[in-house]
Amino acid sequence: MPQLTLADAGRIIAGAFAKAAEAGFRPLGISVLDAGGHLVAFQRQDGASFLRPEMSAGKAYGALAIGAGSRRLEAFATERPHLVSGVSDVSGGRIVPVAGGVLIRNAEGGIIGAVGVSGDTSDNDETAAIAGIESAGFTADAG
């Protein structure tokens, strides 16, 4: 299965930042993780707060953990709080269950990673993540 490369991650981040600039979003932090949940790249725009690395990575990690975008994990937090609490516990608290974490799928539909964006509203974070993934030629799965 093709791996997510550093060049891929750079294109995703650039595309997400371009969408954010076009839409007038607040400063963002963007994490790109591979399918195993390992950080491939992170960038934070000037003016983004200092917790953006952890928050953006937590959104992406949560999406990978459940195999669906973090919007779905956010719904689970409301509908099935014990499930999200358990998943958070077994992950060492690495999961942030709010929208903004989006799976990256390759041309065959396989999950090759996830993008997490943090800095604006969760809906806008998700919009930037989707734009970044699609601008790099992958399929975004927001869940």
# chains A, B, ... in the order shown; residues from 1 in each chain; ligands from 1
call {"tool": "closest_atom_pairs", "arguments": {"of": "region 63-132 of chain A", "to": "region 49-57 of chain A", "cutoff": "12 Å", "atoms": "only C-alpha atoms", "output": "tab-separated table"}}
result
residue	atom	partner	partner_atom	distance
A:Ala63	CA	A:Ala57	CA	9.9
A:Leu64	CA	A:Ala57	CA	10.5
A:Ala65	CA	A:Ala57	CA	11.9
A:Ser70	CA	A:Ser56	CA	10.8
A:Gly93	CA	A:Glu54	CA	10.7
A:Arg94	CA	A:Ala57	CA	8.0
A:Ile95	CA	A:Ala57	CA	8.2
A:Val96	CA	A:Met55	CA	6.5
A:Pro97	CA	A:Met55	CA	9.8
A:Val98	CA	A:Met55	CA	9.7
A:Ala99	CA	A:Ser56	CA	10.2
A:Gly100	CA	A:Ser56	CA	7.6
A:Gly101	CA	A:Ser56	CA	7.4
A:Val102	CA	A:Ser56	CA	10.5
A:Gly113	CA	A:Ala57	CA	11.5
A:Ala114	CA	A:Ala57	CA	9.0
A:Val115	CA	A:Ala57	CA	7.7
A:Gly116	CA	A:Ser56	CA	4.4
A:Val117	CA	A:Ser56	CA	4.7
A:Ser118	CA	A:Ser56	CA	5.0
A:Gly119	CA	A:Arg52	CA	6.9
A:Asp120	CA	A:Arg52	CA	10.6
A:Ser122	CA	A:Ser56	CA	10.7
A:Asp125	CA	A:Ser56	CA	9.2
A:Glu126	CA	A:Ser56	CA	10.6
A:Ala128	CA	A:Ser56	CA	11.9
A:Ala129	CA	A:Ser56	CA	10.3
call {"tool": "select_by_dssp", "arguments": {"residues": "chain A", "states": "helix (DSSP H, G or I)", "output": "ChimeraX atom specification"}}
result
/A:6-23,52-66,70-79,81-90,122-135
call {"tool": "atom_distance", "arguments": {"atom1": "CA of Gly29 (chain A)", "atom2": "CA of Tyr61 (chain A)"}}
result
14.6 Å
call {"tool": "atom_distance", "arguments": {"atom1": "CA of Ser91 (chain A)", "atom2": "CA of Arg72 (chain A)"}}
result
17.3 Å
call {"tool": "residues_around", "arguments": {"residues": "Ile111 (chain A)", "least_positions_apart": "5", "cutoff": "9 Å", "atoms": "only C-alpha atoms", "output": "ChimeraX atom specification"}}
result
/A:34-35,64,67,103-106
call {"tool": "closest_residue", "arguments": {"among": "A:Ala41, A:Leu33, A:Leu83, A:Ala21", "to": "Asn124 (chain A)", "atoms": "only C-alpha atoms"}}
result
A:Ala21
call {"tool": "closest_residue", "arguments": {"among": "A:Leu4, A:Ala16, A:Val32, A:Ala68", "to": "Ser135 (chain A)", "atoms": "only C-alpha atoms"}}
result
A:Ala16
call {"tool": "closest_residue", "arguments": {"among": "A:Asp46, A:Thr127, A:Thr139, A:Ala18", "to": "Glu108 (chain A)", "atoms": "only C-alpha atoms"}}
result
A:Thr139
call {"tool": "atom_distance", "arguments": {"atom1": "CA of Ala142 (chain A)", "atom2": "CA of Arg71 (chain A)"}}
result
6.7 Å
call {"tool": "select_by_dssp", "arguments": {"residues": "chain A", "states": "strand (DSSP E or B)", "output": "PyMOL selection string"}}
result
chain A and resi 29-34+39-44+101-105+111-118+139-141
call {"tool": "write_last_selection", "arguments": {"atoms": "C-alpha atoms", "output": "PDB file, in the first residue's frame"}}
result
ATOM      1  CA  GLY A  29      -2.263  24.569  13.283  1.00  0.00           C
ATOM      2  CA  ILE A  30      -2.279  21.523  10.996  1.00  0.00           C
ATOM      3  CA  SER A  31      -1.039  18.020  11.765  1.00  0.00           C
ATOM      4  CA  VAL A  32      -0.711  15.257   9.190  1.00  0.00           C
ATOM      5  CA  LEU A  33      -0.429  11.715  10.557  1.00  0.00           C
ATOM      6  CA  ASP A  34       0.296   8.486   8.700  1.00  0.00           C
ATOM      7  CA  LEU A  39       3.259  12.545  12.897  1.00  0.00           C
ATOM      8  CA  VAL A  40       4.488  13.199   9.352  1.00  0.00           C
ATOM      9  CA  ALA A  41       4.311  17.013   9.454  1.00  0.00           C
ATOM     10  CA  PHE A  42       2.967  19.913  11.493  1.00  0.00           C
ATOM     11  CA  GLN A  43       2.817  23.620  10.756  1.00  0.00           C
ATOM     12  CA  ARG A  44       1.347  26.464  12.750  1.00  0.00           C
ATOM     13  CA  GLY A 101      -9.923  15.470  11.946  1.00  0.00           C
ATOM     14  CA  VAL A 102     -10.321  14.013   8.455  1.00  0.00           C
ATOM     15  CA  LEU A 103      -9.122  10.695   7.058  1.00  0.00           C
ATOM     16  CA  ILE A 104      -6.932  10.651   3.946  1.00  0.00           C
ATOM     17  CA  ARG A 105      -7.888   7.937   1.467  1.00  0.00           C
ATOM     18  CA  ILE A 111      -6.751   4.934   4.682  1.00  0.00           C
ATOM     19  CA  ILE A 112      -3.203   6.280   4.410  1.00  0.00           C
ATOM     20  CA  GLY A 113      -3.406   8.884   7.156  1.00  0.00           C
ATOM     21  CA  ALA A 114      -5.382  11.736   8.639  1.00  0.00           C
ATOM     22  CA  VAL A 115      -5.249  15.501   8.880  1.00  0.00           C
ATOM     23  CA  GLY A 116      -6.168  17.442  11.986  1.00  0.00           C
ATOM     24  CA  VAL A 117      -6.778  21.171  11.929  1.00  0.00           C
ATOM     25  CA  SER A 118      -7.276  23.434  14.930  1.00  0.00           C
ATOM     26  CA  THR A 139      -9.927  11.687  -1.088  1.00  0.00           C
ATOM     27  CA  ALA A 140     -11.088  13.296   2.151  1.00  0.00           C
ATOM     28  CA  ASP A 141     -13.306  11.280   4.500  1.00  0.00           C
TER      29      ASP A 141
END
